[in-house]
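For reference, run36.pdb (PDB, C-alpha atoms):
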ATOM      1  CA  MET H   1       9.714 -31.356   4.619
ATOM      2  CA  ASP H   2       7.374 -33.744   6.404
ATOM      3  CA  LYS H   3       4.010 -34.721   4.963
ATOM      4  CA  LEU H   4       1.099 -34.182   7.339
ATOM      5  CA  PHE H   5      -1.426 -36.944   7.966
ATOM      6  CA  THR H   6      -3.619 -35.569  10.790
ATOM      7  CA  PHE H   7      -4.913 -32.206  11.952
ATOM      8  CA  ASN H   8      -3.437 -32.908  15.376
ATOM      9  CA  GLU H   9       0.069 -32.728  13.856
ATOM     10  CA  ILE H  10      -0.632 -29.068  13.072
ATOM     11  CA  ARG H  11      -1.735 -28.401  16.648
ATOM     12  CA  GLN H  12       1.377 -30.088  18.018
ATOM     13  CA  ALA H  13       3.711 -28.130  15.737
ATOM     14  CA  MET H  14       2.067 -24.845  16.742
ATOM     15  CA  LYS H  15       2.312 -25.847  20.403
ATOM     16  CA  VAL H  16       6.072 -26.377  20.070
ATOM     17  CA  VAL H  17       6.418 -22.750  18.957
ATOM     18  CA  LYS H  18       4.167 -21.471  21.758
ATOM     19  CA  ASP H  19       6.106 -23.477  24.347
ATOM     20  CA  PHE H  20       9.182 -21.329  23.752
ATOM     21  CA  LYS H  21       7.166 -18.587  25.539
ATOM     22  CA  ASN H  22       8.984 -15.993  23.479
ATOM     23  CA  GLY H  23       6.007 -14.606  21.590
ATOM     24  CA  PHE H  24       3.757 -15.972  18.861
ATOM     25  CA  LEU H  25       3.195 -14.737  15.302
ATOM     26  CA  THR H  26       1.275 -16.667  12.650
ATOM     27  CA  ASN H  27      -0.708 -16.378   9.450
ATOM     28  CA  PHE H  28      -2.193 -19.879   9.802
ATOM     29  CA  PHE H  29      -5.698 -20.154  11.261
ATOM     30  CA  PRO H  30      -6.780 -23.539   9.878
ATOM     31  CA  GLU H  31     -10.427 -24.491   9.534
ATOM     32  CA  VAL H  32     -10.774 -28.143  10.459
ATOM     33  CA  ASP H  33     -12.878 -29.389   7.532
ATOM     34  CA  LYS H  34     -10.967 -27.492   4.847
ATOM     35  CA  THR H  35      -7.577 -28.418   6.300
ATOM     36  CA  ASN H  36      -8.529 -32.075   6.635
ATOM     37  CA  GLY H  37      -9.438 -31.980   2.955
ATOM     38  CA  TRP H  38      -5.932 -30.760   2.087
ATOM     39  CA  ILE H  39      -4.449 -33.501   4.276
ATOM     40  CA  GLU H  40      -6.590 -36.191   2.620
ATOM     41  CA  GLN H  41      -5.414 -34.984  -0.790
ATOM     42  CA  GLY H  42      -1.771 -35.198   0.354
ATOM     43  CA  LYS H  43      -1.203 -31.471  -0.185
ATOM     44  CA  LEU H  44      -0.021 -30.320   3.256
ATOM     45  CA  TYR H  45       3.562 -30.409   4.571
ATOM     46  CA  LYS H  46       5.548 -28.883   7.427
ATOM     47  CA  LEU H  47       9.136 -27.837   8.062
ATOM     48  CA  GLU H  48      10.436 -26.980  11.544
ATOM     49  CA  GLU H  49      13.303 -24.512  11.970
ATOM     50  CA  GLU H  50      14.163 -23.857  15.643
ATOM     51  CA  GLU H  51      11.499 -21.368  16.870
ATOM     52  CA  THR H  52       9.597 -21.379  13.578
ATOM     53  CA  VAL H  53       7.418 -23.919  11.802
ATOM     54  CA  PHE H  54       6.428 -23.538   8.153
ATOM     55  CA  PHE H  55       3.406 -25.210   6.563
ATOM     56  CA  PHE H  56       3.167 -25.709   2.798
ATOM     57  CA  ARG H  57       0.026 -26.335   0.767
ATOM     58  CA  ASN H  58       0.776 -27.520  -2.726
ATOM     59  CA  ASN H  59      -1.193 -26.084  -5.612
ATOM     60  CA  ASN H  60      -0.868 -27.012  -9.263
ATOM     61  CA  GLU H  61       1.188 -23.948 -10.170
ATOM     62  CA  PHE H  62       2.571 -22.708  -6.830
ATOM     63  CA  THR H  63       2.742 -23.434  -3.108
ATOM     64  CA  TYR H  64       1.004 -21.515  -0.308
ATOM     65  CA  LEU H  65       3.309 -20.772   2.616
ATOM     66  CA  PHE H  66       2.116 -20.489   6.226
ATOM     67  CA  TYR H  67       4.221 -19.809   9.287
ATOM     68  CA  ALA H  68       4.119 -19.850  13.079
ATOM     69  CA  THR H  69       7.057 -18.245  14.859
ATOM     70  CA  THR H  70       8.064 -16.569  18.106
ATOM     71  CA  THR H  71       9.584 -13.282  16.921
ATOM     72  CA  LEU H  72      10.483 -11.379  13.777
ATOM     73  CA  GLU H  73      14.116 -12.275  14.410
ATOM     74  CA  ALA H  74      13.288 -15.999  14.502
ATOM     75  CA  LEU H  75      11.179 -15.655  11.348
ATOM     76  CA  ASN H  76      13.988 -13.834   9.542
ATOM     77  CA  LYS H  77      16.464 -16.568  10.457
ATOM     78  CA  ALA H  78      14.106 -19.343   9.310
ATOM     79  CA  LEU H  79      13.243 -17.589   6.036
ATOM     80  CA  ASN H  80      16.923 -17.151   5.286
ATOM     81  CA  LYS H  81      17.337 -20.915   5.472
ATOM     82  CA  LEU H  82      14.116 -21.579   3.595
ATOM     83  CA  LYS H  83      15.067 -19.574   0.502
ATOM     84  CA  THR H  84      18.057 -21.835  -0.131
ATOM     85  CA  MET H  85      15.722 -24.857  -0.115
ATOM     86  CA  THR H  86      12.877 -23.502  -2.252
ATOM     87  CA  ASP H  87      14.630 -21.425  -4.900
ATOM     88  CA  GLU H  88      12.872 -23.246  -7.754
ATOM     89  CA  THR H  89       9.446 -23.247  -6.094
ATOM     90  CA  GLN H  90       7.014 -20.364  -6.366
ATOM     91  CA  LEU H  91       5.798 -19.590  -2.854
ATOM     92  CA  VAL H  92       2.806 -17.390  -2.039
ATOM     93  CA  VAL H  93       2.212 -16.024   1.453
ATOM     94  CA  ASP H  94      -0.736 -14.062   2.881
ATOM     95  CA  ILE H  95       0.146 -11.779   5.786
ATOM     96  CA  ILE H  96      -2.946 -10.568   7.617
ATOM     97  CA  GLY H  97      -3.071  -7.750  10.136
ATOM     98  CA  LYS H  98      -3.663  -4.085  10.861
ATOM     99  CA  GLU H  99      -1.645  -1.140   9.682
ATOM    100  CA  PRO H 100       1.106  -0.285  10.558
ATOM    101  CA  GLU H 101       2.006  -3.509  12.456
ATOM    102  CA  ILE H 102       1.746  -5.646   9.338
ATOM    103  CA  GLN H 103       4.534  -3.666   7.661
ATOM    104  CA  ALA H 104       7.176  -5.127   9.987
ATOM    105  CA  ILE H 105       6.317  -8.700   8.979
ATOM    106  CA  THR H 106       6.140  -7.951   5.254
ATOM    107  CA  GLY H 107       9.517  -6.242   5.606
ATOM    108  CA  VAL H 108      11.082  -9.467   6.894
ATOM    109  CA  PHE H 109       9.711 -11.426   3.939
ATOM    110  CA  LYS H 110      10.932  -8.810   1.449
ATOM    111  CA  GLU H 111      14.413  -8.981   2.993
ATOM    112  CA  ASN H 112      14.360 -12.692   2.174
ATOM    113  CA  GLY H 113      13.459 -12.556  -1.490
ATOM    114  CA  PHE H 114       9.681 -11.983  -1.487
ATOM    115  CA  TYR H 115       7.914  -9.349  -3.588
ATOM    116  CA  HIS H 116       4.666  -7.416  -3.171
ATOM    117  CA  TYR H 117       1.847  -8.844  -5.295
ATOM    118  CA  THR H 118      -1.357  -7.189  -4.117
ATOM    119  CA  VAL H 119      -3.361  -6.193  -1.014
ATOM    120  CA  LEU H 120      -6.857  -7.227   0.054
ATOM    121  CA  ASN H 121      -9.033  -5.246   2.473
ATOM    122  CA  ARG H 122     -11.644  -6.865   4.694
ATOM    123  CA  MET H 123     -15.141  -5.427   4.544
ATOM    124  CA  SER H 124     -17.961  -6.202   6.933
ATOM    125  CA  ARG H 125     -21.695  -5.695   7.233
ATOM    126  CA  GLU H 126     -23.829  -5.863  10.357
ATOM    127  CA  SER H 127     -27.303  -5.099   9.050
ATOM    128  CA  LEU H 128     -29.418  -8.003   7.777
ATOM    129  CA  THR H 129     -31.832  -5.844   5.788
ATOM    130  CA  VAL H 130     -32.831  -7.506   2.509
ATOM    131  CA  ASP H 131     -33.749  -5.118  -0.302
ATOM    132  CA  ASP H 132     -34.955  -7.574  -2.943
ATOM    133  CA  ILE H 133     -38.017  -9.471  -1.670
ATOM    134  CA  ASN H 134     -38.800 -11.180  -4.969
ATOM    135  CA  ILE H 135     -37.291 -14.570  -5.712
ATOM    136  CA  ALA H 136     -35.743 -14.441  -9.179
ATOM    137  CA  LYS H 137     -36.533 -17.166 -11.668
ATOM    138  CA  GLY H 138     -33.593 -19.533 -11.904
ATOM    139  CA  LEU H 139     -32.252 -18.698  -8.440
ATOM    140  CA  LYS H 140     -31.494 -21.936  -6.578
ATOM    141  CA  LEU H 141     -29.017 -24.009  -4.634
ATOM    142  CA  SER H 142     -26.371 -25.616  -6.820
ATOM    143  CA  ASP H 143     -25.992 -29.365  -7.222
ATOM    144  CA  THR H 144     -22.741 -31.244  -7.771
ATOM    145  CA  SER H 145     -23.181 -31.333 -11.546
ATOM    146  CA  CYS H 146     -22.327 -27.623 -11.539
ATOM    147  CA  ALA H 147     -19.058 -28.038  -9.622
ATOM    148  CA  PRO H 148     -16.795 -28.342 -12.724
ATOM    149  CA  ILE H 149     -18.476 -25.303 -14.300
ATOM    150  CA  ILE H 150     -18.024 -23.212 -11.139
ATOM    151  CA  PHE H 151     -14.415 -24.383 -10.890
ATOM    152  CA  ASN H 152     -13.696 -23.295 -14.479
ATOM    153  CA  ILE H 153     -15.386 -19.911 -14.003
ATOM    154  CA  LEU H 154     -13.366 -19.196 -10.867
ATOM    155  CA  ASN H 155     -10.118 -20.068 -12.621
ATOM    156  CA  GLN H 156     -11.020 -17.959 -15.641
ATOM    157  CA  TYR H 157     -12.201 -14.787 -13.902
ATOM    158  CA  PHE H 158     -10.404 -14.757 -10.528
ATOM    159  CA  ASP H 159      -6.722 -14.392  -9.733
ATOM    160  CA  PRO H 160      -5.408 -17.680  -8.245
ATOM    161  CA  ILE H 161      -2.564 -16.039  -6.308
ATOM    162  CA  ALA H 162      -4.576 -13.191  -4.809
ATOM    163  CA  GLU H 163      -7.855 -14.967  -4.140
ATOM    164  CA  GLN H 164      -6.977 -18.526  -3.035
ATOM    165  CA  LEU H 165      -9.180 -20.408  -5.457
ATOM    166  CA  PRO H 166     -10.830 -23.599  -4.177
ATOM    167  CA  THR H 167     -10.425 -27.138  -5.383
ATOM    168  CA  ILE H 168     -13.264 -29.171  -6.885
ATOM    169  CA  GLU H 169     -13.505 -30.990  -3.547
ATOM    170  CA  GLU H 170     -14.009 -27.708  -1.678
ATOM    171  CA  ILE H 171     -16.672 -26.593  -4.154
ATOM    172  CA  ASN H 172     -18.513 -29.874  -3.632
ATOM    173  CA  ARG H 173     -18.389 -29.375   0.139
ATOM    174  CA  TRP H 174     -20.038 -25.963  -0.267
ATOM    175  CA  ILE H 175     -22.677 -27.529  -2.501
ATOM    176  CA  ASN H 176     -23.359 -30.361  -0.038
ATOM    177  CA  SER H 177     -23.709 -27.874   2.836
ATOM    178  CA  ASN H 178     -26.131 -25.682   0.798
ATOM    179  CA  HIS H 179     -23.656 -22.805   0.691
ATOM    180  CA  LEU H 180     -23.453 -22.320  -3.079
ATOM    181  CA  ILE H 181     -26.279 -20.436  -4.782
ATOM    182  CA  ILE H 182     -26.573 -20.020  -8.539
ATOM    183  CA  LEU H 183     -28.801 -18.047 -10.876
ATOM    184  CA  GLU H 184     -29.235 -19.742 -14.216
ATOM    185  CA  GLU H 185     -31.168 -19.188 -17.411
ATOM    186  CA  ASP H 186     -31.656 -21.822 -20.103
ATOM    187  CA  ASN H 187     -29.250 -24.075 -18.167
ATOM    188  CA  ILE H 188     -26.513 -21.404 -18.315
ATOM    189  CA  ILE H 189     -25.079 -20.090 -15.038
ATOM    190  CA  LEU H 190     -25.337 -16.286 -15.009
ATOM    191  CA  GLY H 191     -23.751 -15.884 -11.594
ATOM    192  CA  PHE H 192     -23.244 -17.395  -8.150
ATOM    193  CA  VAL H 193     -22.382 -16.737  -4.524
ATOM    194  CA  ILE H 194     -20.369 -19.031  -2.253
ATOM    195  CA  PHE H 195     -20.367 -18.585   1.521
ATOM    196  CA  ASP H 196     -19.651 -20.152   4.904
ATOM    197  CA  LEU H 197     -21.612 -19.896   8.140
ATOM    198  CA  ILE H 198     -19.326 -20.252  11.148
ATOM    199  CA  GLY H 199     -20.917 -19.527  14.505
ATOM    200  CA  ILE H 200     -22.433 -16.035  14.471
ATOM    201  CA  THR H 201     -20.397 -14.932  11.454
ATOM    202  CA  SER H 202     -21.144 -15.357   7.758
ATOM    203  CA  TYR H 203     -18.242 -15.349   5.310
ATOM    204  CA  LEU H 204     -18.974 -14.350   1.724
ATOM    205  CA  ARG H 205     -16.279 -16.221  -0.194
ATOM    206  CA  TYR H 206     -17.096 -15.466  -3.838
ATOM    207  CA  TRP H 207     -19.708 -13.321  -5.588
ATOM    208  CA  PHE H 208     -19.691 -13.491  -9.356
ATOM    209  CA  VAL H 209     -21.852 -12.268 -12.237
ATOM    210  CA  HIS H 210     -20.857 -13.208 -15.770
ATOM    211  CA  PRO H 211     -19.767 -10.082 -17.706
ATOM    212  CA  GLU H 212     -22.342 -10.787 -20.443
ATOM    213  CA  HIS H 213     -25.206 -10.693 -17.960
ATOM    214  CA  ARG H 214     -24.471  -7.645 -15.848
ATOM    215  CA  ASN H 215     -26.990  -4.805 -15.364
ATOM    216  CA  ARG H 216     -29.765  -7.403 -15.112
ATOM    217  CA  LYS H 217     -29.942  -7.466 -11.285
ATOM    218  CA  VAL H 218     -28.320 -10.897 -11.254
ATOM    219  CA  GLY H 219     -25.856  -9.728  -8.612
ATOM    220  CA  SER H 220     -28.513  -8.177  -6.375
ATOM    221  CA  HIS H 221     -30.704 -11.306  -6.507
ATOM    222  CA  LEU H 222     -27.745 -13.484  -5.549
ATOM    223  CA  LEU H 223     -26.474 -11.225  -2.790
ATOM    224  CA  ASN H 224     -29.862 -10.744  -1.196
ATOM    225  CA  GLU H 225     -30.427 -14.505  -1.222
ATOM    226  CA  TYR H 226     -27.073 -14.805   0.546
ATOM    227  CA  PHE H 227     -28.254 -12.255   3.140
ATOM    228  CA  LYS H 228     -31.454 -14.242   3.676
ATOM    229  CA  ARG H 229     -29.467 -17.419   4.304
ATOM    230  CA  SER H 230     -27.232 -15.507   6.739
ATOM    231  CA  THR H 231     -30.165 -14.553   8.945
ATOM    232  CA  GLY H 232     -29.220 -15.163  12.560
ATOM    233  CA  THR H 233     -25.581 -14.189  12.121
ATOM    234  CA  LYS H 234     -24.364 -10.903  13.566
ATOM    235  CA  ARG H 235     -22.143  -9.877  10.674
ATOM    236  CA  GLN H 236     -21.020 -10.788   7.187
ATOM    237  CA  LEU H 237     -17.368 -10.575   6.112
ATOM    238  CA  PHE H 238     -15.736 -10.334   2.719
ATOM    239  CA  TRP H 239     -12.212  -9.720   1.367
ATOM    240  CA  VAL H 240     -11.786  -7.485  -1.689
ATOM    241  CA  ILE H 241      -8.744  -6.377  -3.693
ATOM    242  CA  LYS H 242      -7.869  -2.964  -2.230
ATOM    243  CA  THR H 243      -7.441  -1.339  -5.651
ATOM    244  CA  ASN H 244     -10.731  -2.698  -7.050
ATOM    245  CA  GLU H 245     -12.689   0.515  -6.576
ATOM    246  CA  ASN H 246     -15.718  -0.633  -8.604
ATOM    247  CA  ALA H 247     -16.166  -3.734  -6.445
ATOM    248  CA  ILE H 248     -15.734  -1.748  -3.231
ATOM    249  CA  LYS H 249     -18.456   0.685  -4.340
ATOM    250  CA  ARG H 250     -20.800  -2.237  -5.006
ATOM    251  CA  TYR H 251     -20.209  -3.706  -1.548
ATOM    252  CA  MET H 252     -20.688  -0.314   0.112
ATOM    253  CA  HIS H 253     -24.024  -0.033  -1.691
ATOM    254  CA  TYR H 254     -25.117  -3.180   0.152
ATOM    255  CA  GLY H 255     -24.010  -1.895   3.549
ATOM    256  CA  PHE H 256     -20.442  -3.207   3.739
ATOM    257  CA  PHE H 257     -17.724  -0.935   5.099
ATOM    258  CA  SER H 258     -13.943  -1.211   5.034
ATOM    259  CA  GLU H 259     -12.134  -2.348   8.174
ATOM    260  CA  ASN H 260      -8.552  -1.635   9.201
ATOM    261  CA  LEU H 261      -7.590  -5.209   8.419
ATOM    262  CA  TYR H 262      -5.487  -6.112   5.401
ATOM    263  CA  ASP H 263      -4.108  -9.174   3.641
ATOM    264  CA  TYR H 264      -0.744  -8.486   2.009
ATOM    265  CA  VAL H 265      -0.059 -11.091  -0.677
ATOM    266  CA  LEU H 266       3.634 -11.698  -1.392
ATOM    267  CA  THR H 267       5.444 -14.128  -3.648
ATOM    268  CA  ASN H 268       9.072 -15.089  -4.081
ATOM    269  CA  LYS H 269       8.811 -14.534  -7.852
ATOM    270  CA  ASN H 270       8.850 -10.960  -9.158
ATOM    271  CA  ILE H 271       5.545 -11.030 -11.038
ATOM    272  CA  GLN H 272       2.853  -8.389 -11.356
ATOM    273  CA  TYR H 273      -0.774  -8.608 -10.281
ATOM    274  CA  GLU H 274      -3.158  -8.346 -13.224
ATOM    275  CA  ALA H 275      -6.540  -6.902 -12.343
ATOM    276  CA  THR H 276      -9.562  -8.920 -13.475
ATOM    277  CA  ASN H 277     -13.092  -7.781 -14.172
ATOM    278  CA  ASN H 278     -14.918  -9.954 -11.638
TER     279      ASN H 278
END
Here is a file; write its structure as structure tokens.
Amino acid sequence: MDKLFTFNEIRQAMKVVKDFKNGFLTNFFPEVDKTNGWIEQGKLYKLEEEETVFFFRNNNEFTYLFYATTTLEALNKALNKLKTMTDETQLVVDIIGKEPEIQAITGVFKENGFYHYTVLNRMSRESLTVDDINIAKGLKLSDTSCAPIIFNILNQYFDPIAEQLPTIEEINRWINSNHLIILEEDNIILGFVIFDLIGITSYLRYWFVHPEHRNRKVGSHLLNEYFKRSTGTKRQLFWVIKTNENAIKRYMHYGFFSENLYDYVLTNKNIQYEATNN
């Protein structure tokens, strides 16, 4: 594996695959700022195998796997080699696409020692109607002193394999760009939303209400503040665990609807997804 030092190295590696002119399949759509953060932290590597390039992002407990390849046949060949090199490493891969096309790619991974973990479904919302016009007491933009608290909450209540939890550095970037809103009471965080604004699209990354403070409209205050700050975008997007029916109902209440776009999460260790109550 080769350690990456610049974002341009990613572009060049992807270009090598495209230059074969034999097709192009990938699950890697890197955002410049986030990816540069991984590079600065020394967490991003690549491995080239003929018509396939793999990218690896190291986490504390496992490694995220990304790929760019020409065909399913080329991917199968490269994965066959990869499994002999990473037998002791837990790899996690997100395969994003529409049904039924996505099944062919997941099938190749399963043939090479990967197991189904869970599935996320993308939901979207086009309306910018805001139901809650009152500003709740304690609703405000977070400052960096809250970053460790947010980090601990995410790691306690969210699944790290299924939901790609951020680093402290990423949380601080959201705070510095005014994209992390909290609702607190007596200096205790009751809930928060984290989001990104990219062009005409708003991405809701995390929406959390502490279990001890639910049924107090904490979630609605936070989400409507997020909608207000997304004014000017044409749609809002969010990924939700497909089997989390309670969460899906909540999002539908706020105008989100399910799209035919899924994220299949696989891992090379045969472990089971444990549902959380976020």
Specify the axis-aligned box that encloses all atoms of stretch 42-59 of chain H listed in the file after padding of 4 Å on each side, stating its centre and edge lengths in Å to one decimal as AutoDock Vina command-line options.
--center_x 6.2 --center_y -28.3 --center_z 5.6 --size_x 23.9 --size_y 21.8 --size_z 30.5
When the PyMOL selection byres ((chain H and resi 235) around 7) is applied to the file above, which residues end up in the set, as a list in words?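 Those residues are Ser124, Arg125, Glu126, Thr201, Ser202, Thr233, Lys234, Gln236 and Leu237 of chain H.
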Suppose a student applies the PyMOL selection byres ((chain H and resi 182-198) around 7) to this structure; what residues should they get, written as a PyMOL selection string? chain H and resi 138-142+179-181+199-210+213+218+222
Here is a test: counting all atoms listed in the file, which residue of H:Val108, H:Val265, H:Gln272, H:Gln41 is nearest to H:Ile168? H:Gln41
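Put simply, atom CA of H:Ala162 is 6.8 Å away from atom CA of H:Thr118.
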When you count all atoms listed in the file, which of these residues is closest to H:Arg11: H:Lys34, H:Lys46, H:Lys228, H:Lys81? H:Lys46
Evaluate the PyMOL selection byres ((chain H and resi 49) around 9) and record the selected residues as a list in words, following the chain and residue labels used in the document.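 This file gives the following for the PyMOL selection byres ((chain H and resi 49) around 9): Leu47, Glu48, Glu50, Glu51, Thr52, Val53, Phe54, Ala74, Lys77, Ala78, Lys81 and Leu82 of chain H.
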For atom CA of H:Tyr264 and atom CA of H:Thr243, quote the distance in Å rounded to one decimal.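 Interatomic distance, atom CA of H:Tyr264 to atom CA of H:Thr243: 12.4 Å.
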